[in-house]
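Data file: model.json. Format and content: JSON, C-alpha atoms.
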[["chain", "number", "residue", "atom", "x", "y", "z"],
["A", 130, "VAL", "CA", 22.77, -19.69, -13.62],
["A", 131, "GLN", "CA", 24.09, -17.64, -10.74],
["A", 132, "PRO", "CA", 24.48, -18.23, -7.00],
["A", 133, "PRO", "CA", 21.70, -17.16, -4.67],
["A", 134, "LEU", "CA", 21.76, -13.45, -4.34],
["A", 135, "LEU", "CA", 22.63, -12.23, -0.89],
["A", 136, "ILE", "CA", 21.01, -8.84, -0.68],
["A", 137, "ASP", "CA", 23.95, -6.69, 0.34],
["A", 138, "TRP", "CA", 22.32, -3.48, 1.47],
["A", 139, "ALA", "CA", 25.65, -1.96, 2.40],
["A", 140, "GLY", "CA", 26.51, -1.71, -1.27],
["A", 141, "ARG", "CA", 23.24, -0.12, -2.29],
["A", 142, "GLU", "CA", 22.15, 3.46, -2.52],
["A", 143, "PHE", "CA", 19.72, 4.66, 0.10],
["A", 144, "VAL", "CA", 17.47, 7.56, -0.78],
["A", 145, "GLN", "CA", 15.52, 9.68, 1.69],
["A", 146, "LEU", "CA", 11.83, 9.12, 1.15],
["A", 147, "ARG", "CA", 10.60, 11.09, 4.12],
["A", 148, "PRO", "CA", 12.52, 13.17, 6.68],
["A", 149, "GLY", "CA", 14.82, 10.70, 8.44],
["A", 150, "ILE", "CA", 13.55, 7.67, 6.50],
["A", 151, "HIS", "CA", 15.95, 6.17, 3.99],
["A", 152, "ALA", "CA", 15.27, 3.32, 1.60],
["A", 153, "ALA", "CA", 17.08, 1.06, -0.81],
["A", 154, "THR", "CA", 15.17, -1.20, -3.16],
["A", 155, "VAL", "CA", 15.80, -4.43, -5.02],
["A", 156, "LEU", "CA", 13.45, -5.27, -7.85],
["A", 157, "SER", "CA", 12.96, -8.75, -9.20],
["A", 158, "ASP", "CA", 10.46, -9.86, -11.79],
["A", 159, "ASP", "CA", 8.11, -11.06, -9.05],
["A", 160, "LEU", "CA", 8.88, -8.98, -5.95],
["A", 161, "THR", "CA", 9.76, -5.49, -4.78],
["A", 162, "VAL", "CA", 12.02, -5.59, -1.71],
["A", 163, "SER", "CA", 12.98, -2.46, 0.19],
["A", 164, "MET", "CA", 15.09, -1.91, 3.28],
["A", 165, "TYR", "CA", 13.87, 1.10, 5.24],
["A", 166, "ARG", "CA", 16.07, 2.78, 7.80],
["A", 167, "TYR", "CA", 14.25, 5.06, 10.19],
["A", 168, "GLU", "CA", 16.16, 7.62, 12.20],
["A", 169, "PRO", "CA", 15.00, 8.06, 15.81],
["A", 170, "GLY", "CA", 11.71, 9.93, 15.98],
["A", 171, "SER", "CA", 10.91, 9.65, 12.29],
["A", 172, "ARG", "CA", 7.45, 8.89, 11.01],
["A", 173, "TRP", "CA", 5.64, 8.10, 7.82],
["A", 174, "GLU", "CA", 2.33, 9.86, 7.44],
["A", 175, "GLU", "CA", -0.84, 7.89, 6.75],
["A", 176, "HIS", "CA", -0.99, 6.64, 3.21],
["A", 177, "SER", "CA", -2.24, 3.64, 1.27],
["A", 178, "HIS", "CA", -1.42, 1.75, -1.89],
["A", 179, "PRO", "CA", -3.26, -0.97, -3.76],
["A", 180, "GLU", "CA", -0.61, -3.64, -3.18],
["A", 181, "ASP", "CA", -0.44, -5.85, -0.10],
["A", 182, "GLN", "CA", 2.66, -5.03, 1.98],
["A", 183, "LEU", "CA", 4.68, -7.40, 4.10],
["A", 184, "THR", "CA", 6.89, -5.71, 6.69],
["A", 185, "ILE", "CA", 9.51, -7.59, 8.71],
["A", 186, "VAL", "CA", 11.30, -5.78, 11.51],
["A", 187, "ILE", "CA", 15.04, -6.34, 11.28],
["A", 188, "SER", "CA", 16.04, -4.19, 14.25],
["A", 189, "GLY", "CA", 14.32, -1.81, 16.63],
["A", 190, "GLU", "CA", 10.61, -1.30, 17.22],
["A", 191, "ILE", "CA", 8.04, 0.34, 15.01],
["A", 192, "VAL", "CA", 4.39, 1.22, 15.49],
["A", 193, "PHE", "CA", 1.92, 0.98, 12.63],
["A", 194, "ARG", "CA", -1.34, 2.86, 12.93],
["A", 195, "THR", "CA", -4.52, 2.39, 10.96],
["A", 196, "PRO", "CA", -7.95, 3.94, 11.37],
["A", 197, "ASP", "CA", -8.83, 0.99, 13.59],
["A", 198, "GLY", "CA", -5.87, 0.43, 15.83],
["A", 199, "GLU", "CA", -2.15, 0.27, 16.32],
["A", 200, "LEU", "CA", 0.38, -2.50, 16.20],
["A", 201, "ARG", "CA", 3.83, -2.44, 17.77],
["A", 202, "LEU", "CA", 6.32, -4.71, 16.04],
["A", 203, "ARG", "CA", 9.57, -5.98, 17.50],
["A", 204, "PRO", "CA", 12.60, -7.49, 15.74],
["A", 205, "GLY", "CA", 11.66, -10.57, 13.74],
["A", 206, "GLN", "CA", 7.95, -9.81, 13.82],
["A", 207, "GLN", "CA", 5.98, -9.30, 10.65],
["A", 208, "ALA", "CA", 2.83, -7.53, 9.55],
["A", 209, "LEU", "CA", 0.84, -8.11, 6.40],
["A", 210, "ILE", "CA", -0.92, -4.87, 5.49],
["A", 211, "PRO", "CA", -3.75, -5.44, 3.03],
["A", 212, "GLY", "CA", -3.78, -3.37, -0.12],
["A", 213, "GLY", "CA", -5.87, -0.24, 0.27],
["A", 214, "LEU", "CA", -5.62, -0.06, 4.06],
["A", 215, "PRO", "CA", -4.46, 3.38, 5.24],
["A", 216, "HIS", "CA", -1.44, 3.05, 7.51],
["A", 217, "ALA", "CA", 1.11, 5.26, 9.21],
["A", 218, "ALA", "CA", 4.41, 4.29, 10.83],
["A", 219, "GLU", "CA", 6.34, 5.82, 13.70],
["A", 220, "VAL", "CA", 9.53, 4.95, 15.54],
["A", 221, "GLY", "CA", 10.77, 5.93, 18.97],
["A", 222, "ASP", "CA", 14.16, 6.95, 20.31],
["A", 223, "ALA", "CA", 16.14, 4.23, 18.53],
["A", 224, "GLU", "CA", 16.96, 3.58, 14.92],
["A", 225, "VAL", "CA", 14.78, 1.03, 13.19],
["A", 226, "SER", "CA", 15.32, -1.14, 10.14],
["A", 227, "THR", "CA", 12.45, -2.86, 8.38],
["A", 228, "LEU", "CA", 12.33, -5.01, 5.29],
["A", 229, "ASN", "CA", 9.30, -4.40, 3.14],
["A", 230, "VAL", "CA", 7.98, -6.59, 0.38],
["A", 231, "TRP", "CA", 5.37, -5.87, -2.25],
["A", 232, "PRO", "CA", 4.52, -7.41, -5.56],
["A", 233, "PRO", "CA", 6.03, -5.54, -8.50],
["A", 234, "ARG", "CA", 4.68, -2.05, -8.00],
["A", 235, "GLY", "CA", 1.81, -1.18, -10.23],
["A", 236, "SER", "CA", 0.64, -4.78, -10.33],
["A", 237, "GLY", "CA", -1.59, -4.34, -7.31],
["A", 238, "ARG", "CA", -5.24, -5.03, -7.19],
["A", 239, "PRO", "CA", -7.40, -2.10, -8.24],
["B", 227, "VAL", "CA", -11.09, -1.81, 7.27],
["B", 228, "GLN", "CA", -9.07, -3.86, 9.71],
["B", 229, "PRO", "CA", -5.90, -3.22, 11.73],
["B", 230, "PRO", "CA", -2.56, -4.28, 10.28],
["B", 231, "LEU", "CA", -2.27, -8.00, 10.52],
["B", 232, "LEU", "CA", 0.43, -9.17, 12.86],
["B", 233, "ILE", "CA", 1.35, -12.55, 11.52],
["B", 234, "ASP", "CA", 0.99, -14.69, 14.60],
["B", 235, "TRP", "CA", 2.71, -17.92, 13.66],
["B", 236, "ALA", "CA", 2.07, -19.42, 17.07],
["B", 237, "GLY", "CA", -1.59, -19.67, 16.21],
["B", 238, "ARG", "CA", -1.06, -21.29, 12.84],
["B", 239, "GLU", "CA", -0.78, -24.87, 11.76],
["B", 240, "PHE", "CA", 2.67, -26.08, 10.78],
["B", 241, "VAL", "CA", 2.89, -28.98, 8.38],
["B", 242, "GLN", "CA", 5.97, -31.10, 7.74],
["B", 243, "LEU", "CA", 7.13, -30.54, 4.18],
["B", 244, "ARG", "CA", 10.37, -32.51, 4.43],
["B", 245, "PRO", "CA", 11.78, -34.57, 7.28],
["B", 246, "GLY", "CA", 12.34, -32.08, 10.11],
["B", 247, "ILE", "CA", 11.15, -29.07, 8.10],
["B", 248, "HIS", "CA", 7.84, -27.56, 9.15],
["B", 249, "ALA", "CA", 5.98, -24.73, 7.46],
["B", 250, "ALA", "CA", 3.02, -22.46, 8.00],
["B", 251, "THR", "CA", 1.76, -20.22, 5.21],
["B", 252, "VAL", "CA", -0.20, -17.01, 4.94],
["B", 253, "LEU", "CA", -1.69, -16.18, 1.57],
["B", 254, "SER", "CA", -2.70, -12.72, 0.50],
["B", 255, "ASP", "CA", -3.89, -11.63, -2.89],
["B", 256, "ASP", "CA", -0.40, -10.43, -3.77],
["B", 257, "LEU", "CA", 2.02, -12.48, -1.69],
["B", 258, "THR", "CA", 2.69, -15.97, -0.38],
["B", 259, "VAL", "CA", 4.43, -15.83, 3.02],
["B", 260, "SER", "CA", 5.71, -18.97, 4.75],
["B", 261, "MET", "CA", 7.54, -19.48, 8.00],
["B", 262, "TYR", "CA", 9.86, -22.48, 7.81],
["B", 263, "ARG", "CA", 11.18, -24.14, 10.93],
["B", 264, "TYR", "CA", 14.14, -26.42, 10.37],
["B", 265, "GLU", "CA", 15.10, -28.98, 12.97],
["B", 266, "PRO", "CA", 18.84, -29.40, 13.53],
["B", 267, "GLY", "CA", 20.46, -31.28, 10.67],
["B", 268, "SER", "CA", 17.51, -31.02, 8.33],
["B", 269, "ARG", "CA", 17.91, -30.29, 4.66],
["B", 270, "TRP", "CA", 15.86, -29.52, 1.60],
["B", 271, "GLU", "CA", 17.01, -31.27, -1.53],
["B", 272, "GLU", "CA", 17.79, -29.33, -4.66],
["B", 273, "HIS", "CA", 14.68, -28.08, -6.39],
["B", 274, "SER", "CA", 13.48, -25.11, -8.36],
["B", 275, "HIS", "CA", 10.29, -23.21, -9.07],
["B", 276, "PRO", "CA", 9.43, -20.51, -11.55],
["B", 277, "GLU", "CA", 8.76, -17.83, -8.94],
["B", 278, "ASP", "CA", 11.42, -15.62, -7.41],
["B", 279, "GLN", "CA", 11.91, -16.41, -3.73],
["B", 280, "LEU", "CA", 12.89, -14.03, -0.97],
["B", 281, "THR", "CA", 14.24, -15.70, 2.17],
["B", 282, "ILE", "CA", 14.89, -13.81, 5.40],
["B", 283, "VAL", "CA", 16.61, -15.60, 8.26],
["B", 284, "ILE", "CA", 14.73, -15.02, 11.50],
["B", 285, "SER", "CA", 16.95, -17.16, 13.73],
["B", 286, "GLY", "CA", 19.85, -19.53, 13.25],
["B", 287, "GLU", "CA", 22.05, -20.02, 10.21],
["B", 288, "ILE", "CA", 21.21, -21.70, 6.93],
["B", 289, "VAL", "CA", 23.26, -22.58, 3.87],
["B", 290, "PHE", "CA", 21.80, -22.37, 0.39],
["B", 291, "ARG", "CA", 23.52, -24.24, -2.38],
["B", 292, "THR", "CA", 23.17, -23.80, -6.11],
["B", 293, "PRO", "CA", 25.07, -25.36, -8.99],
["B", 294, "ASP", "CA", 27.44, -22.42, -8.82],
["B", 295, "GLY", "CA", 28.12, -21.84, -5.16],
["B", 296, "GLU", "CA", 26.91, -21.67, -1.62],
["B", 297, "LEU", "CA", 25.66, -18.88, 0.57],
["B", 298, "ARG", "CA", 25.53, -18.91, 4.36],
["B", 299, "LEU", "CA", 22.87, -16.65, 5.82],
["B", 300, "ARG", "CA", 22.73, -15.37, 9.38],
["B", 301, "PRO", "CA", 19.80, -13.84, 11.29],
["B", 302, "GLY", "CA", 18.44, -10.77, 9.56],
["B", 303, "GLN", "CA", 20.14, -11.55, 6.27],
["B", 304, "GLN", "CA", 18.18, -12.10, 3.10],
["B", 305, "ALA", "CA", 18.60, -13.87, -0.20],
["B", 306, "LEU", "CA", 16.67, -13.33, -3.39],
["B", 307, "ILE", "CA", 16.65, -16.56, -5.36],
["B", 308, "PRO", "CA", 15.70, -16.01, -8.98],
["B", 309, "GLY", "CA", 12.90, -18.09, -10.42],
["B", 310, "GLY", "CA", 14.18, -21.22, -12.09],
["B", 311, "LEU", "CA", 17.47, -21.37, -10.19],
["B", 312, "PRO", "CA", 18.03, -24.81, -8.60],
["B", 313, "HIS", "CA", 18.72, -24.46, -4.90],
["B", 314, "ALA", "CA", 19.11, -26.67, -1.84],
["B", 315, "ALA", "CA", 19.09, -25.70, 1.82],
["B", 316, "GLU", "CA", 20.81, -27.21, 4.84],
["B", 317, "VAL", "CA", 21.02, -26.31, 8.50],
["B", 318, "GLY", "CA", 23.54, -27.28, 11.15],
["B", 319, "ASP", "CA", 23.24, -28.27, 14.78],
["B", 320, "ALA", "CA", 20.77, -25.55, 15.75],
["B", 321, "GLU", "CA", 17.15, -24.92, 14.89],
["B", 322, "VAL", "CA", 16.58, -22.37, 12.16],
["B", 323, "SER", "CA", 13.60, -20.22, 11.26],
["B", 324, "THR", "CA", 13.29, -18.51, 7.91],
["B", 325, "LEU", "CA", 10.57, -16.38, 6.42],
["B", 326, "ASN", "CA", 10.00, -17.01, 2.75],
["B", 327, "VAL", "CA", 8.11, -14.82, 0.34],
["B", 328, "TRP", "CA", 6.93, -15.57, -3.17],
["B", 329, "PRO", "CA", 4.33, -14.06, -5.43],
["B", 330, "PRO", "CA", 1.04, -15.94, -5.37],
["B", 331, "ARG", "CA", 2.12, -19.44, -6.35],
["B", 332, "GLY", "CA", 1.42, -20.31, -9.91],
["B", 333, "SER", "CA", 1.82, -16.73, -11.03],
["B", 334, "GLY", "CA", 5.52, -17.12, -11.70],
["B", 335, "ARG", "CA", 7.24, -16.48, -14.93],
["B", 336, "PRO", "CA", 7.31, -19.44, -17.31]]

structure tokens encoding of this file:
Amino acid sequence: VQPPLLIDWAGREFVQLRPGIHAATVLSDDLTVSMYRYEPGSRWEEHSHPEDQLTIVISGEIVFRTPDGELRLRPGQQALIPGGLPHAAEVGDAEVSTLNVWPPRGSGRP
Amino acid sequence: VQPPLLIDWAGREFVQLRPGIHAATVLSDDLTVSMYRYEPGSRWEEHSHPEDQLTIVISGEIVFRTPDGELRLRPGQQALIPGGLPHAAEVGDAEVSTLNVWPPRGSGRP
């Protein structure tokens, strides 16, 4: 038995996943949790994955785009992106941090 | 295909799970997402469940206690509570909102 695990991102390695977008990830048996740090002006091209994705904005503002619309999220707001839905993300002139949660990767619905 | 789902808690029903603790829940195929609103001075007694739990503090401060220690979380901070670990939660003189994420309930490790 161990105390609740504060996720201390400062002590974790961030890797650059896209130009100006850095991520650190914590894996548990049941969840995949990633902190994304977006540099100003960075963007993630449209992509999709079979797993549902929960995104919580920690700081800054981010815009998600899908084939059907866009959604601007502010700090504390959350989006639940259904598995299989193409989505892109873009940030403005300020740094943005988002927390992203998936099931264990590879466990997604077909 | 639908736009990313902003989770609009204002439009959802909150139910009282413990005295002074109210929750609304969004279920997806892969994730269980609940917003908890704690009234000042409310507490959740020690309990456990087989699923890992991610808690993100949206506003206010909350203290988690386990048999081995306590952890105070501030806005934006997160804890990952391993499945099976007994934990209690307590808030002080201010309202607290936390977002909690589990896998689909019942899918947890034995």

**Study point:** Surrounding residues of A:Val225 excluding itself and chain neighbours under 5 positions, 12 Å, all atoms listed in the file, as a ChimeraX atom specification
**Key:** /A:149-152,164-172,185-192,202-204,218-220

May I have a table of the residues of chain B lying at most 6 Å from chain A, giving each one's closest pair of atoms and their distance in Å to one decimal, counting only C-alpha atoms, ordered by chain and ascending residue number, as a tab-separated table?
residue	atom	partner	partner_atom	distance
B:Pro229	CA	A:Asp197	CA	5.5
B:Pro230	CA	A:Ile210	CA	5.1
B:Leu231	CA	A:Leu209	CA	5.2
B:Leu232	CA	A:Ala208	CA	4.4
B:Ile233	CA	A:Ala208	CA	5.6
B:Asp256	CA	A:Asp181	CA	5.9
B:Asp278	CA	A:Asp159	CA	5.9
B:Ile284	CA	A:Gly205	CA	5.9
B:Thr292	CA	A:Pro132	CA	5.8
B:Asp294	CA	A:Pro132	CA	5.4
B:Gly295	CA	A:Pro132	CA	5.4
B:Gly302	CA	A:Ile187	CA	5.8
B:Gln304	CA	A:Ile136	CA	5.7
B:Ala305	CA	A:Leu135	CA	4.4
B:Leu306	CA	A:Leu134	CA	5.2
B:Ile307	CA	A:Pro133	CA	5.1

Exercise for review: Rounded to one decimal place, report the atom CA of B:Ser323-atom CA of A:Asn229 distance in Å.
Suggested key: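 Atom CA of A:Asn229 lies at a distance of 18.3 Å from atom CA of B:Ser323.
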
Revision key, fill the gap. Taken to one decimal, the atom CA of A:Arg234-atom CA of B:His275 distance is 21.9 Å

Practice item. Please measure the separation of atom CA of A:Trp173 and atom CA of A:Thr154, giving the value in Å to one decimal. Key: 17.3 Å

**Study point:** Nearest-residue call for A:Ser163, choices A:Arg147, A:Arg141, A:Ala217, A:Glu224, using only C-alpha atoms
**Key:**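 Smallest separation from A:Ser163 among the options: A:Arg141.
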
Produce the centre coordinates and the three edge lengths, each in Å to one decimal, of the box along x, y and z that contains all listed atoms of stretch 152-164 of chain A with 3 Å added on each side, as AutoDock Vina command-line options.
--center_x 12.6 --center_y -3.9 --center_z -4.3 --size_x 15.0 --size_y 20.4 --size_z 21.1
